[in-house]
Amino acid sequence: MLSLSLVAMAIATLIWGPLSDRYGRVPVMLAGLALAAGGSAMAALAPELWVAVLGRLLQAAGGAAGMVLARAVAQDIFGSERSAGVIGQITAVMVAAPMVAPTLSGLVVEGVGWRGIFWLSALLCLGLVIWTRAGLAESAPGGGARRVSDMLGGFVVIGGRAAFLRHAGYAACSLAGFYYFVGITPYVMQDAFGRGPAAYGLYFMLLSGMYMITNFVCGPITAKFGAERVLPFGALLAVAGPGLSIALLLAGVSDPLVLFMPGMIQSFGAGLAVPNAMAGAVASAPDRAGAASGLLGFSQFLLAALTTQVAGFLPHEDPMVVPAGMLVMLALGLLCLFGMQRGTSGGR
C-alpha cells in the first residue's frame, strides 16, 4: 500500500498542478479532497483486500492535490522572495503528521478496528472541503494550458529550465533520503540493535521534531541571509549527518543514537535547504506555478517510491546501510544543486 500510494501520488501531482493553472486552485483543490474522501470511504467499506487497496490509491491521489496546490498558492500570494518561508511552515505542519499519526491510528485500531482509520480520514477530508470552500480565495493568475498537449508541452518547458532541475533535483533526492531512512531504519533497529517499534517511534520523534522546528524558522533565516546562502549551507550541513554516523560506526560505537543523533543534524540542514529548494523550483516558472509544483512532486514521490523498495532488499543486520544509503542520496542532491548552478540566471 505504501509504495503504490507513493506512485499514485507521483502521477496525480502531474495532473492537479496543470489543471489548477487552467481552472483555478480552489475548484481543483476541492476535487482532490473530494476524491480523497471517496477513496477513504471505499477502503473503509471494502469487502476484499483489492478494493481496500484501490480505495487507498484514490485517497492518495486525491490527497496529493493539497501538497501540490499549497506550494502553488504560496507562490501566487507571496512570490519567490517570501514563499520559501511559507513553504517551510507548510512542510513543518506536514512533518507533524507522521509524529501524531502512529499514536492516533493505534488508538483507533484498538478502539474500532482498522476500518476506523479510513472513516476518520474521510471525515477529515470532508471537513477540509468545507474549510477550503469557505476560506480559500482564488489565487491562480489564469491563462493556463487549455489542451492536454499544451499541458505536456508545459512540462517540457519547465523541465528544460536549469533552475528547475537544480532545485527540484535536490528536493527530490533529499525527500528520497528521508523515505529511505523511514523504510529501512525500523528493521535495522530490530535486527541490529534488538529494539522494537516503540523505541523506533520515540527516537524518530527527535528527527521529526528537529525538522519541524527548523522548517518554522527557515523563513526568518532566509529573509535575513537570502535563499542562495541558506540553501547551500543547509544542503552541506545535511550531508554532515550521515557522514558523522558512518564515522561513529567505523569507530565501533553500537547504539541506536549513532543513527538518530547525526540524523538530527541532517534534519536541521534539510529543514533549511528543502523549503528553499522547493520554492526555487516553483519560482522557476511563475507563469505555470501549478505545473511546476506538480512536476516537482512527481519527481519527489517517484524517487521516494524507488528508494523505499530498495531499502527492503538491503541487509538489515548491518546499521551501516542506513547512513550509507542516505549519504548516496544527499550526494546526488548536491550534484544537482551545485552541478547545475551555472546558467540558472533568469530561471533558464
# chains A, B, ... in the order shown; residues from 1 in each chain; ligands from 1

$ closest_atom_pairs --of "stretch 294-316 of chain A" --to "stretch 268-280 of chain A" --cutoff "12 Å" --atoms "only C-alpha atoms" --output "Markdown table"
| residue | atom | partner | partner_atom | distance |
| --- | --- | --- | --- | --- |
| A:Gly294 | CA | A:Met278 | CA | 11.1 |
| A:Leu295 | CA | A:Met278 | CA | 11.0 |
| A:Leu296 | CA | A:Met278 | CA | 7.6 |
| A:Gly297 | CA | A:Met278 | CA | 9.4 |
| A:Ser299 | CA | A:Met278 | CA | 11.6 |
| A:Gln300 | CA | A:Met278 | CA | 10.4 |

$ write_last_selection --atoms "C-alpha atoms" --output "CSV table (one decimal), in the first residue's frame"
chain,number,residue,atom,x,y,z
A,294,GLY,CA,3.2,19.1,-9.9
A,295,LEU,CA,6.4,18.2,-11.7
A,296,LEU,CA,8.4,18.7,-8.5
A,297,GLY,CA,6.0,16.5,-6.6
A,299,SER,CA,10.0,13.6,-9.1
A,300,GLN,CA,9.9,13.6,-5.3

$ closest_residue --among "A:Ala198, A:Val282, A:Ala240, A:Phe301" --to "A:Arg161" --atoms "only C-alpha atoms"
A:Val282

$ closest_residue --among "A:Ala305, A:Met261, A:Met205, A:Leu249" --to "A:Ala324" --atoms "only C-alpha atoms"
A:Leu249

$ residues_around --residues "stretch 4-14 of chain A" --least-positions-apart "6" --cutoff "9 Å" --atoms "only C-alpha atoms" --output "number ranges by chain"
A: 53, 56-65, 67-68, 155, 291-302, 304-305

$ closest_residue --among "A:Leu303, A:Leu248, A:Met210, A:Ala34" --to "A:Tyr170" --atoms "only C-alpha atoms"
A:Leu303

$ closest_residue --among "A:Leu69, A:Leu332, A:Val230, A:Leu257" --to "A:Thr132" --atoms "only C-alpha atoms"
A:Leu69

$ atom_distance --atom1 "atom CA of A:Val129" --atom2 "atom CA of A:Val109"
25.2 Å

$ closest_residue --among "A:Gly194, A:Pro262, A:Pro18, A:Gly55" --to "A:Ser121" --atoms "only C-alpha atoms"
A:Gly55

$ residues_around --residues "stretch 23-28 of chain A" --least-positions-apart "4" --cutoff "9 Å" --atoms "only C-alpha atoms" --output "PyMOL selection string"
chain A and resi 16-19+32-33+65+69-70+72-73+132-133+136-144+290

$ residues_around --residues "stretch 111-120 of chain A" --least-positions-apart "5" --cutoff "9 Å" --atoms "only C-alpha atoms" --output "list of chain:residue names"
A:Ala37, A:Gly39, A:Ser40, A:Ala41, A:Met42, A:Ala43, A:Ala44, A:Leu45, A:Ala46, A:Arg56, A:Leu104, A:Ser105, A:Gly106, A:Cys125

$ closest_residue --among "A:Thr185, A:Tyr180, A:Gln190, A:Ala223" --to "A:Gly325" --atoms "only C-alpha atoms"
A:Tyr180

$ select_by_dssp --residues "stretch 106-321 of chain A" --states "alpha helix (DSSP H)" --output "PyMOL selection string"
chain A and resi 106-112+115-135+148-159+162-193+197-225+227-250+257-283+289-313+321

$ residues_around --residues "A:Gly333" --least-positions-apart "2" --cutoff "12 Å" --atoms "only C-alpha atoms" --output "VMD selection string"
chain A and resid 165 to 177 231 to 232 234 to 236 238 to 239 270 273 to 274 277 300 303 326 to 331 335 to 340
